[in-house]
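Text of data03.cif (mmCIF, C-alpha atoms) as supplied:
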```
data_input
#
loop_
_atom_site.label_atom_id
_atom_site.label_comp_id
_atom_site.auth_asym_id
_atom_site.auth_seq_id
_atom_site.Cartn_x
_atom_site.Cartn_y
_atom_site.Cartn_z
CA MET A 91 6.96 8.43 28.84
CA SER A 92 3.26 8.82 28.08
CA VAL A 93 3.15 7.05 24.73
CA VAL A 94 2.62 3.31 25.04
CA ALA A 95 2.95 0.48 22.56
CA PHE A 96 -0.18 -1.21 21.32
CA GLN A 97 -0.57 -4.88 20.65
CA GLY A 98 -3.19 -5.72 18.06
CA GLU A 99 -4.10 -9.12 16.70
CA ARG A 100 -2.05 -8.61 13.54
CA LEU A 101 -0.01 -5.47 14.23
CA SER A 102 2.13 -4.84 17.26
CA THR A 103 4.41 -1.97 18.18
CA THR A 104 7.14 -1.20 20.67
CA VAL A 105 8.36 2.14 21.99
CA GLY A 106 11.59 3.15 23.69
CA ILE A 107 14.03 6.00 24.11
CA GLU A 108 17.73 5.88 23.29
CA GLY A 109 19.57 9.13 23.92
CA ASN A 110 17.74 11.83 22.01
CA ASP A 111 15.85 9.38 19.81
CA LEU A 112 12.41 7.92 20.26
CA ILE A 113 12.56 4.37 18.91
CA ILE A 114 9.38 2.80 17.60
CA ALA A 115 9.03 -0.58 15.91
CA LEU A 116 6.11 -2.07 14.01
CA SER A 117 5.66 -5.73 13.19
CA GLY A 118 2.94 -7.69 11.44
CA THR A 119 0.50 -6.21 8.96
CA ALA A 120 -0.84 -2.65 8.89
CA ASP A 121 -4.08 -2.46 6.94
CA LEU A 122 -7.78 -1.65 7.06
CA ASP A 123 -8.19 -3.13 10.56
CA VAL A 124 -5.74 -0.82 12.30
CA ARG A 125 -5.73 2.41 10.32
CA THR A 126 -7.58 4.40 12.99
CA ASP A 127 -5.48 2.97 15.83
CA LEU A 128 -2.27 3.60 13.91
CA ALA A 129 -3.18 7.21 13.12
CA SER A 130 -4.05 7.86 16.77
CA TRP A 131 -0.87 6.18 17.93
CA LEU A 132 1.31 8.24 15.59
CA LYS A 133 -0.42 11.36 16.94
CA MET A 134 0.61 10.26 20.46
CA VAL A 135 4.15 9.65 19.25
CA HIS A 136 4.24 13.15 17.76
CA ASP A 137 2.93 14.77 20.94
CA GLU A 138 5.47 12.87 23.03
CA VAL A 139 8.40 13.88 20.82
CA LEU A 140 7.40 17.52 21.14
CA ARG A 141 6.88 17.20 24.89
CA LEU A 142 10.29 15.59 25.42
CA LYS A 143 11.93 17.89 22.84
CA LEU A 144 13.52 14.94 21.04
CA SER A 145 15.31 15.46 17.76
CA ARG A 146 14.57 12.21 15.98
CA VAL A 147 12.21 9.26 15.76
CA VAL A 148 13.64 5.97 14.54
CA VAL A 149 10.95 3.81 12.94
CA ASP A 150 11.91 0.16 12.65
CA ILE A 151 9.70 -1.55 10.06
CA ARG A 152 11.98 -4.50 9.31
CA LYS A 153 9.35 -6.90 10.63
CA LEU A 154 6.39 -5.13 9.06
CA GLU A 155 5.26 -7.58 6.41
CA PHE A 156 2.94 -5.18 4.65
CA MET A 157 1.35 -1.79 4.97
CA SER A 158 -1.62 -0.83 2.83
CA SER A 159 -2.16 2.70 1.55
CA LEU A 160 -4.73 3.36 4.27
CA CYS A 161 -1.98 3.07 6.87
CA LEU A 162 0.69 4.58 4.64
CA ASN A 163 -1.61 7.59 4.65
CA SER A 164 -1.26 7.75 8.44
CA PHE A 165 2.50 8.12 7.99
CA VAL A 166 1.94 10.75 5.30
CA GLY A 167 -0.31 12.66 7.72
CA TRP A 168 2.28 12.38 10.49
CA LEU A 169 5.07 13.68 8.25
CA ALA A 170 2.81 16.50 7.02
CA THR A 171 2.14 17.46 10.65
CA ILE A 172 5.88 17.59 11.40
CA MET A 173 6.45 19.77 8.32
CA GLU A 174 3.76 22.17 9.57
CA GLN A 175 5.61 22.72 12.85
CA PRO A 176 7.81 25.79 13.37
CA PRO A 177 11.37 24.92 12.26
CA ALA A 178 12.62 24.67 15.84
CA GLN A 179 10.07 21.95 16.60
CA GLN A 180 10.60 19.89 13.48
CA TYR A 181 12.30 16.57 14.10
CA ARG A 182 13.77 13.91 11.83
CA VAL A 183 12.25 10.54 11.07
CA HIS A 184 14.64 7.70 10.31
CA PHE A 185 13.30 4.42 8.90
CA LYS A 186 15.08 1.10 9.35
CA TRP A 187 13.84 -1.26 6.65
CA SER A 188 14.44 -4.67 5.17
CA ARG A 189 15.51 -5.40 1.60
CA GLU A 190 13.55 -8.63 1.86
CA MET A 191 10.28 -6.69 1.94
CA PHE A 192 9.91 -5.41 -1.60
CA TRP A 193 7.24 -2.82 -0.78
CA GLN A 194 9.41 -1.09 1.84
CA ARG A 195 12.00 0.19 -0.63
CA LYS A 196 9.37 1.70 -2.92
CA SER A 197 7.15 3.12 -0.19
CA LEU A 198 10.07 4.66 1.67
CA ASN A 199 11.42 6.14 -1.52
CA ALA A 200 8.07 7.91 -1.93
CA LEU A 201 7.95 9.03 1.72
CA ARG A 202 11.50 10.34 1.45
CA ARG A 203 10.54 12.33 -1.63
CA PHE A 204 7.41 13.55 0.14
CA ALA A 205 9.34 14.87 3.15
CA LEU A 206 12.83 15.44 1.80
CA MET A 207 14.20 17.37 4.74
CA LEU A 208 12.83 15.04 7.40
CA VAL A 209 13.10 11.45 6.27
CA THR A 210 16.21 9.32 6.16
CA THR A 211 16.43 5.57 5.67
CA ASP A 212 18.77 2.64 6.04
CA PRO A 213 19.96 0.36 4.57
CA MET B 235 -15.36 -19.52 -5.31
CA LEU B 236 -11.74 -20.34 -5.97
CA GLN B 237 -10.43 -21.55 -9.26
CA VAL B 238 -6.77 -22.01 -10.06
CA GLU B 239 -5.54 -23.20 -13.41
CA SER B 240 -1.92 -23.45 -14.46
CA ALA B 241 -1.81 -25.41 -17.72
CA ARG B 242 -2.05 -22.26 -19.87
CA GLY B 243 -0.16 -20.08 -17.44
CA PRO B 244 -1.42 -18.66 -14.19
CA HIS B 245 -5.15 -18.11 -14.08
CA VAL B 246 -6.91 -17.48 -10.81
CA GLU B 247 -10.47 -16.50 -9.98
CA LEU B 248 -11.69 -15.65 -6.51
CA ARG B 249 -15.05 -14.38 -5.32
CA ILE B 250 -14.77 -13.21 -1.77
CA LYS B 251 -16.56 -11.22 0.87
CA PRO B 252 -13.33 -9.81 2.18
CA SER B 253 -12.26 -8.88 5.65
CA ALA B 254 -8.93 -7.23 6.42
CA ARG B 255 -7.52 -10.62 7.42
CA LEU B 256 -8.82 -12.29 4.24
CA ILE B 257 -7.32 -9.56 2.05
CA SER B 258 -3.89 -10.18 3.58
CA LEU B 259 -4.29 -13.93 3.14
CA MET B 260 -5.24 -13.36 -0.50
CA ARG B 261 -2.16 -11.18 -1.05
CA ARG B 262 0.12 -13.86 0.38
CA PHE B 263 -1.61 -16.60 -1.62
CA LEU B 264 -1.32 -14.71 -4.91
CA SER B 265 2.29 -13.68 -4.27
CA ASP B 266 3.27 -17.25 -3.31
CA MET B 267 1.54 -18.71 -6.36
CA LEU B 268 3.07 -16.17 -8.73
CA ARG B 269 6.53 -16.74 -7.25
CA GLU B 270 6.23 -20.31 -8.56
CA VAL B 271 5.47 -19.29 -12.13
CA LEU B 272 7.21 -15.94 -12.68
CA THR B 273 10.97 -15.61 -13.13
CA GLU B 274 11.23 -12.44 -11.00
CA ALA B 275 10.28 -12.71 -7.32
CA GLU B 276 9.80 -8.93 -7.22
CA ASP B 277 7.02 -9.27 -9.81
CA ALA B 278 5.11 -11.56 -7.47
CA TRP B 279 5.49 -9.02 -4.64
CA ARG B 280 4.30 -6.04 -6.66
CA ILE B 281 1.30 -7.88 -8.11
CA GLY B 282 0.39 -8.97 -4.57
CA LEU B 283 0.64 -5.33 -3.47
CA ALA B 284 -1.64 -4.26 -6.32
CA ALA B 285 -4.18 -6.97 -5.49
CA HIS B 286 -4.22 -5.94 -1.83
CA GLU B 287 -4.74 -2.26 -2.63
CA LEU B 288 -7.43 -2.81 -5.23
CA VAL B 289 -9.38 -5.38 -3.19
CA GLU B 290 -9.21 -3.19 -0.08
CA ASN B 291 -10.56 -0.30 -2.18
CA ALA B 292 -13.28 -2.45 -3.71
CA PHE B 293 -14.30 -3.83 -0.33
CA ARG B 294 -14.59 -0.37 1.20
CA HIS B 295 -16.71 0.87 -1.70
CA SER B 296 -18.73 -2.24 -2.47
CA ILE B 297 -22.52 -2.11 -2.18
CA ASP B 298 -22.81 -5.76 -1.18
CA GLY B 299 -19.36 -6.48 0.22
CA GLU B 300 -18.54 -8.92 -2.58
CA VAL B 301 -15.40 -8.61 -4.67
CA ASP B 302 -14.35 -10.70 -7.67
CA VAL B 303 -10.63 -11.10 -8.28
CA SER B 304 -9.05 -12.65 -11.34
CA ILE B 305 -5.55 -12.95 -12.72
CA ASP B 306 -4.76 -13.91 -16.28
CA VAL B 307 -1.57 -14.05 -18.28
CA ALA B 308 -1.70 -13.73 -22.06
CA GLU B 309 0.88 -13.63 -24.81
CA GLU B 310 1.26 -10.18 -26.27
CA GLY B 311 3.83 -9.41 -28.90
CA GLU B 312 6.99 -11.22 -27.94
CA GLY B 313 6.20 -11.38 -24.23
CA HIS B 314 3.44 -11.94 -21.68
CA ILE B 315 1.09 -9.50 -20.01
CA LEU B 316 -0.47 -10.22 -16.64
CA THR B 317 -3.88 -8.66 -16.04
CA LEU B 318 -5.36 -8.34 -12.57
CA ARG B 319 -9.09 -7.62 -12.54
CA ILE B 320 -11.02 -6.51 -9.48
CA LYS B 321 -14.81 -6.24 -9.79
CA ASN B 322 -17.40 -4.93 -7.39
CA ARG B 323 -20.72 -3.10 -7.32
CA ALA B 324 -20.60 0.55 -6.25
CA THR B 325 -22.92 3.51 -5.72
CA PRO B 326 -23.11 6.29 -8.35
CA GLU B 327 -21.11 8.61 -6.07
CA GLN B 328 -18.40 6.02 -5.57
CA ARG B 329 -18.25 5.32 -9.32
CA GLN B 330 -17.88 9.03 -10.04
CA THR B 331 -15.07 9.39 -7.51
CA LEU B 332 -13.33 6.40 -9.02
CA ARG B 333 -13.69 7.79 -12.55
CA THR B 334 -12.13 11.06 -11.38
CA HIS B 335 -9.18 9.25 -9.81
CA LEU B 336 -8.68 7.07 -12.89
CA ASP B 337 -8.83 10.12 -15.18
CA GLU B 338 -6.20 11.87 -13.08
CA LEU B 339 -4.06 8.76 -13.10
CA SER B 340 -4.20 8.36 -16.86
CA ALA B 341 -3.50 12.07 -17.42
CA ALA B 342 -0.38 11.97 -15.24
CA SER B 343 2.79 11.48 -17.25
CA ASP B 344 5.00 10.68 -14.25
CA ALA B 345 3.71 7.97 -11.90
CA LEU B 346 5.88 8.98 -8.92
CA GLU B 347 5.11 12.69 -9.22
CA HIS B 348 1.40 11.89 -9.36
CA TYR B 349 1.76 9.62 -6.32
CA LEU B 350 3.46 12.44 -4.39
CA ALA B 351 0.76 14.90 -5.44
CA VAL B 352 -1.92 12.50 -4.17
CA MET B 353 0.02 12.11 -0.90
CA ARG B 354 0.05 15.88 -0.45
CA ARG B 355 -3.73 16.07 -0.64
CA SER B 356 -4.46 12.77 1.08
CA ALA B 357 -4.37 14.16 4.60
CA GLN B 358 -7.38 16.31 3.80
CA ARG B 359 -9.70 14.07 1.78
CA GLU B 360 -10.38 10.79 0.01
CA SER B 361 -7.52 10.79 -2.39
CA GLY B 362 -7.03 7.76 -4.61
CA LEU B 363 -3.75 6.97 -2.86
CA GLY B 364 -4.19 3.23 -3.39
CA LEU B 365 -4.61 3.59 -7.17
CA ALA B 366 -1.63 5.95 -7.38
CA ARG B 367 0.41 3.47 -5.35
CA VAL B 368 -0.45 0.60 -7.69
CA ARG B 369 0.85 2.62 -10.61
CA ALA B 370 3.94 4.06 -8.91
CA GLU B 371 5.03 1.21 -6.62
CA ALA B 372 3.63 -1.87 -8.36
CA ASP B 373 4.56 -0.33 -11.72
CA MET B 374 1.28 -1.41 -13.33
CA THR B 375 -0.99 0.46 -15.71
CA VAL B 376 -4.44 0.96 -14.23
CA SER B 377 -7.75 1.41 -16.04
CA GLY B 378 -11.43 0.92 -15.33
CA ASP B 379 -14.60 -0.37 -16.97
CA PHE B 380 -18.03 0.74 -15.81
CA ASP B 381 -21.17 -1.24 -16.62
CA GLY B 382 -24.31 -0.27 -14.71
CA ASP B 383 -23.39 -0.37 -11.04
CA GLU B 384 -20.51 -2.75 -11.71
CA VAL B 385 -16.94 -1.48 -11.62
CA CYS B 386 -13.98 -3.42 -12.96
CA ILE B 387 -10.49 -2.11 -12.26
CA MET B 388 -7.73 -3.62 -14.38
CA ALA B 389 -4.03 -3.46 -13.57
CA ARG B 390 -1.62 -4.74 -16.19
CA THR B 391 2.09 -5.42 -16.34
CA PRO B 392 4.57 -7.34 -18.48
CA VAL B 393 5.86 -10.51 -16.78
CA ARG B 394 8.28 -13.28 -17.61
CA LEU B 395 6.97 -16.79 -17.15
CA MET B 396 9.27 -19.59 -16.09
CA GLY B 397 10.03 -21.83 -19.01
CA ALA B 398 8.55 -19.42 -21.54
CA THR B 399 10.55 -18.86 -24.71
CA ALA B 400 8.95 -15.47 -25.37
#
```

As structure tokens, the full file:
Amino acid sequence: MSVVAFQGERLSTTVGIEGNDLIIALSGTADLDVRTDLASWLKMVHDEVLRLKLSRVVVDIRKLEFMSSLCLNSFVGWLATIMEQPPAQQYRVHFKWSREMFWQRKSLNALRRFALMLVTTDP
Amino acid sequence: MLQVESARGPHVELRIKPSARLISLMRRFLSDMLREVLTEAEDAWRIGLAAHELVENAFRHSIDGEVDVSIDVAEEGEGHILTLRIKNRATPEQRQTLRTHLDELSAASDALEHYLAVMRRSAQRESGLGLARVRAEADMTVSGDFDGDEVCIMARTPVRLMGATA
């Protein structure tokens, strides 16, 4: 796998594969400091999913304390890129989130509305 | 400068030269403090979210890097209204961009639909996503005052204070 996790001072990520899913997890805080790194990393994730012809990315944000709109915009850009792919190359994005993080419910509701056919969430 | 007063309800003033780390610390501080005085924990979260977004915006567009933050709660009608104010100095171009985003925000009748519209254009250009998020996710009304090169963004929401009869 060519995509690697990055470990920042306040945001860290992990990457793995389970079956036909790429599993990524983010923990810490995603804000001004990491917006460029996060956008680049999501681009690598996208390229890897296409290269491996995977059908889904599972994004675990249960330990992501906060994400500011600068980084939320990186997710918006990623989803927009997936939607621009030919139908055969479009893959699903499934978010695992925590009810204890108030912002996650509202932000994921918006992302789900933004990319209706791609995004699923649990709980 | 940090000033916290609680006798007449929550009142906080901060003047900071923010960094990303400091903005996160401020969000946690404000959310923790508000959790002690508001009846709904979710209110503390959403006001913290709004403070983070608006201070991050102000910091990125500030001429001198300084941002003033204040929170006040006042009786209004039969309840209480919390007002978050974020002040900074900005260039004419930045003030014009901000006015445009605020005008769009106030013209939008549906906060979520506006937020989604801003998302759709945000991949291409500076979009006002933070302001739209404050309205749609933090459920606060957002307005602005412009005085010379000073910009003051105000976000307001009804809150319920612990122990308040109103």

* Structure fact -> Of A:Gln194, A:Thr104, A:Gln180, A:Ser188, the one sitting nearest A:Ser158 when using all atoms listed in the file is A:Gln194

* List the residues matched by the PyMOL selection byres ((chain B and resi 257-270) around 9) in the displayed structure as a ChimeraX atom specification, ordered by chain and then by residue number. => /A:119,121,156 /B:244,246,252-256,271-286,289-290,396

* Tell me which residues the PyMOL selection byres ((chain B) within 7 of (chain A)) grabs here, as a ChimeraX atom specification. => /B:254,276,279,287,350,353,356-357,363-364,371

* atom CA of A:Ala115 and atom CA of A:Glu99, how far apart in Å? ->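 Going from atom CA of A:Glu99 over to atom CA of A:Ala115, I get 15.7 Å.
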
* Write out as number ranges by chain each polymer residue whose atoms come within 7 Å of A:Val105, counting only C-alpha atoms; drop sequence neighbours fewer than 3 positions from it. => A: 94-95, 113-115

* Quick one, how far is atom CA of A:Lys186 from atom CA of A:Asp212? -> 5.2 Å

Give me the box for stretch 368-377 of chain B as lines of an AutoDock Vina configuration file, namely the centre and edge lengths in Å to one decimal of a box along x, y and z that holds every listed atom plus 4 Å on each side.
```
center_x = -1.4
center_y = 1.1
center_z = -11.3
size_x = 20.8
size_y = 13.9
size_z = 17.4
```

* **Residues within 12 Å of B:Leu365, only C-alpha atoms, excluding chain neighbours under 2 positions, as a ChimeraX atom specification** => /A:158-160 /B:283-292,331-340,345-346,348-349,352-353,360-363,367-378,387-389

So that I have them on file, write out the residues from the current selection with C-alpha atoms, as a tab-separated table (two decimals), in the coordinates of the input.
```
chain	number	residue	atom	x	y	z
A	158	SER	CA	-1.62	-0.83	2.83
A	159	SER	CA	-2.16	2.70	1.55
A	160	LEU	CA	-4.73	3.36	4.27
B	283	LEU	CA	0.64	-5.33	-3.47
B	284	ALA	CA	-1.64	-4.26	-6.32
B	285	ALA	CA	-4.18	-6.97	-5.49
B	286	HIS	CA	-4.22	-5.94	-1.83
B	287	GLU	CA	-4.74	-2.26	-2.63
B	288	LEU	CA	-7.43	-2.81	-5.23
B	289	VAL	CA	-9.38	-5.38	-3.19
B	290	GLU	CA	-9.21	-3.19	-0.08
B	291	ASN	CA	-10.56	-0.30	-2.18
B	292	ALA	CA	-13.28	-2.45	-3.71
B	331	THR	CA	-15.07	9.39	-7.51
B	332	LEU	CA	-13.33	6.40	-9.02
B	333	ARG	CA	-13.69	7.79	-12.55
B	334	THR	CA	-12.13	11.06	-11.38
B	335	HIS	CA	-9.18	9.25	-9.81
B	336	LEU	CA	-8.68	7.07	-12.89
B	337	ASP	CA	-8.83	10.12	-15.18
B	338	GLU	CA	-6.20	11.87	-13.08
B	339	LEU	CA	-4.06	8.76	-13.10
B	340	SER	CA	-4.20	8.36	-16.86
B	345	ALA	CA	3.71	7.97	-11.90
B	346	LEU	CA	5.88	8.98	-8.92
B	348	HIS	CA	1.40	11.89	-9.36
B	349	TYR	CA	1.76	9.62	-6.32
B	352	VAL	CA	-1.92	12.50	-4.17
B	353	MET	CA	0.02	12.11	-0.90
B	360	GLU	CA	-10.38	10.79	0.01
B	361	SER	CA	-7.52	10.79	-2.39
B	362	GLY	CA	-7.03	7.76	-4.61
B	363	LEU	CA	-3.75	6.97	-2.86
B	367	ARG	CA	0.41	3.47	-5.35
B	368	VAL	CA	-0.45	0.60	-7.69
B	369	ARG	CA	0.85	2.62	-10.61
B	370	ALA	CA	3.94	4.06	-8.91
B	371	GLU	CA	5.03	1.21	-6.62
B	372	ALA	CA	3.63	-1.87	-8.36
B	373	ASP	CA	4.56	-0.33	-11.72
B	374	MET	CA	1.28	-1.41	-13.33
B	375	THR	CA	-0.99	0.46	-15.71
B	376	VAL	CA	-4.44	0.96	-14.23
B	377	SER	CA	-7.75	1.41	-16.04
B	378	GLY	CA	-11.43	0.92	-15.33
B	387	ILE	CA	-10.49	-2.11	-12.26
B	388	MET	CA	-7.73	-3.62	-14.38
B	389	ALA	CA	-4.03	-3.46	-13.57
```

* For the atom pair atom CA of B:Glu309 and atom CA of B:Arg323, what is the interatomic distance in Å to one decimal place? -> 29.7 Å

* **Residue IDs satisfying the PyMOL selection byres ((chain A and resi 109) around 12), as a list in words** =>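 Here the PyMOL selection byres ((chain A and resi 109) around 12) matches Gly106, Ile107, Glu108, Asn110, Asp111, Leu112, Ile113, Leu142, Lys143, Leu144, Ser145, Arg146, Val147 and Val148 of chain A.
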
* **Spatial neighbours of B:Ala324, max dist 7 Å, all atoms listed in the file, sep filter under 6 positions, as a PyMOL selection string** => chain B and resi 295-297+383-385

* A:Trp187: which residues within 9 Å, counting all atoms listed in the file, same-chain residues fewer than 5 positions away excluded, as number ranges by chain? -> A: 149-154, 194-195, 198, 211-213

Could those residues be written to a file, using C-alpha atoms, as a PDB file, in the frame of the given file?
```
ATOM      1  CA  VAL A 149      10.950   3.810  12.940  1.00  0.00           C
ATOM      2  CA  ASP A 150      11.910   0.160  12.650  1.00  0.00           C
ATOM      3  CA  ILE A 151       9.700  -1.550  10.060  1.00  0.00           C
ATOM      4  CA  ARG A 152      11.980  -4.500   9.310  1.00  0.00           C
ATOM      5  CA  LYS A 153       9.350  -6.900  10.630  1.00  0.00           C
ATOM      6  CA  LEU A 154       6.390  -5.130   9.060  1.00  0.00           C
ATOM      7  CA  GLN A 194       9.410  -1.090   1.840  1.00  0.00           C
ATOM      8  CA  ARG A 195      12.000   0.190  -0.630  1.00  0.00           C
ATOM      9  CA  LEU A 198      10.070   4.660   1.670  1.00  0.00           C
ATOM     10  CA  THR A 211      16.430   5.570   5.670  1.00  0.00           C
ATOM     11  CA  ASP A 212      18.770   2.640   6.040  1.00  0.00           C
ATOM     12  CA  PRO A 213      19.960   0.360   4.570  1.00  0.00           C
TER      13      PRO A 213
END
```
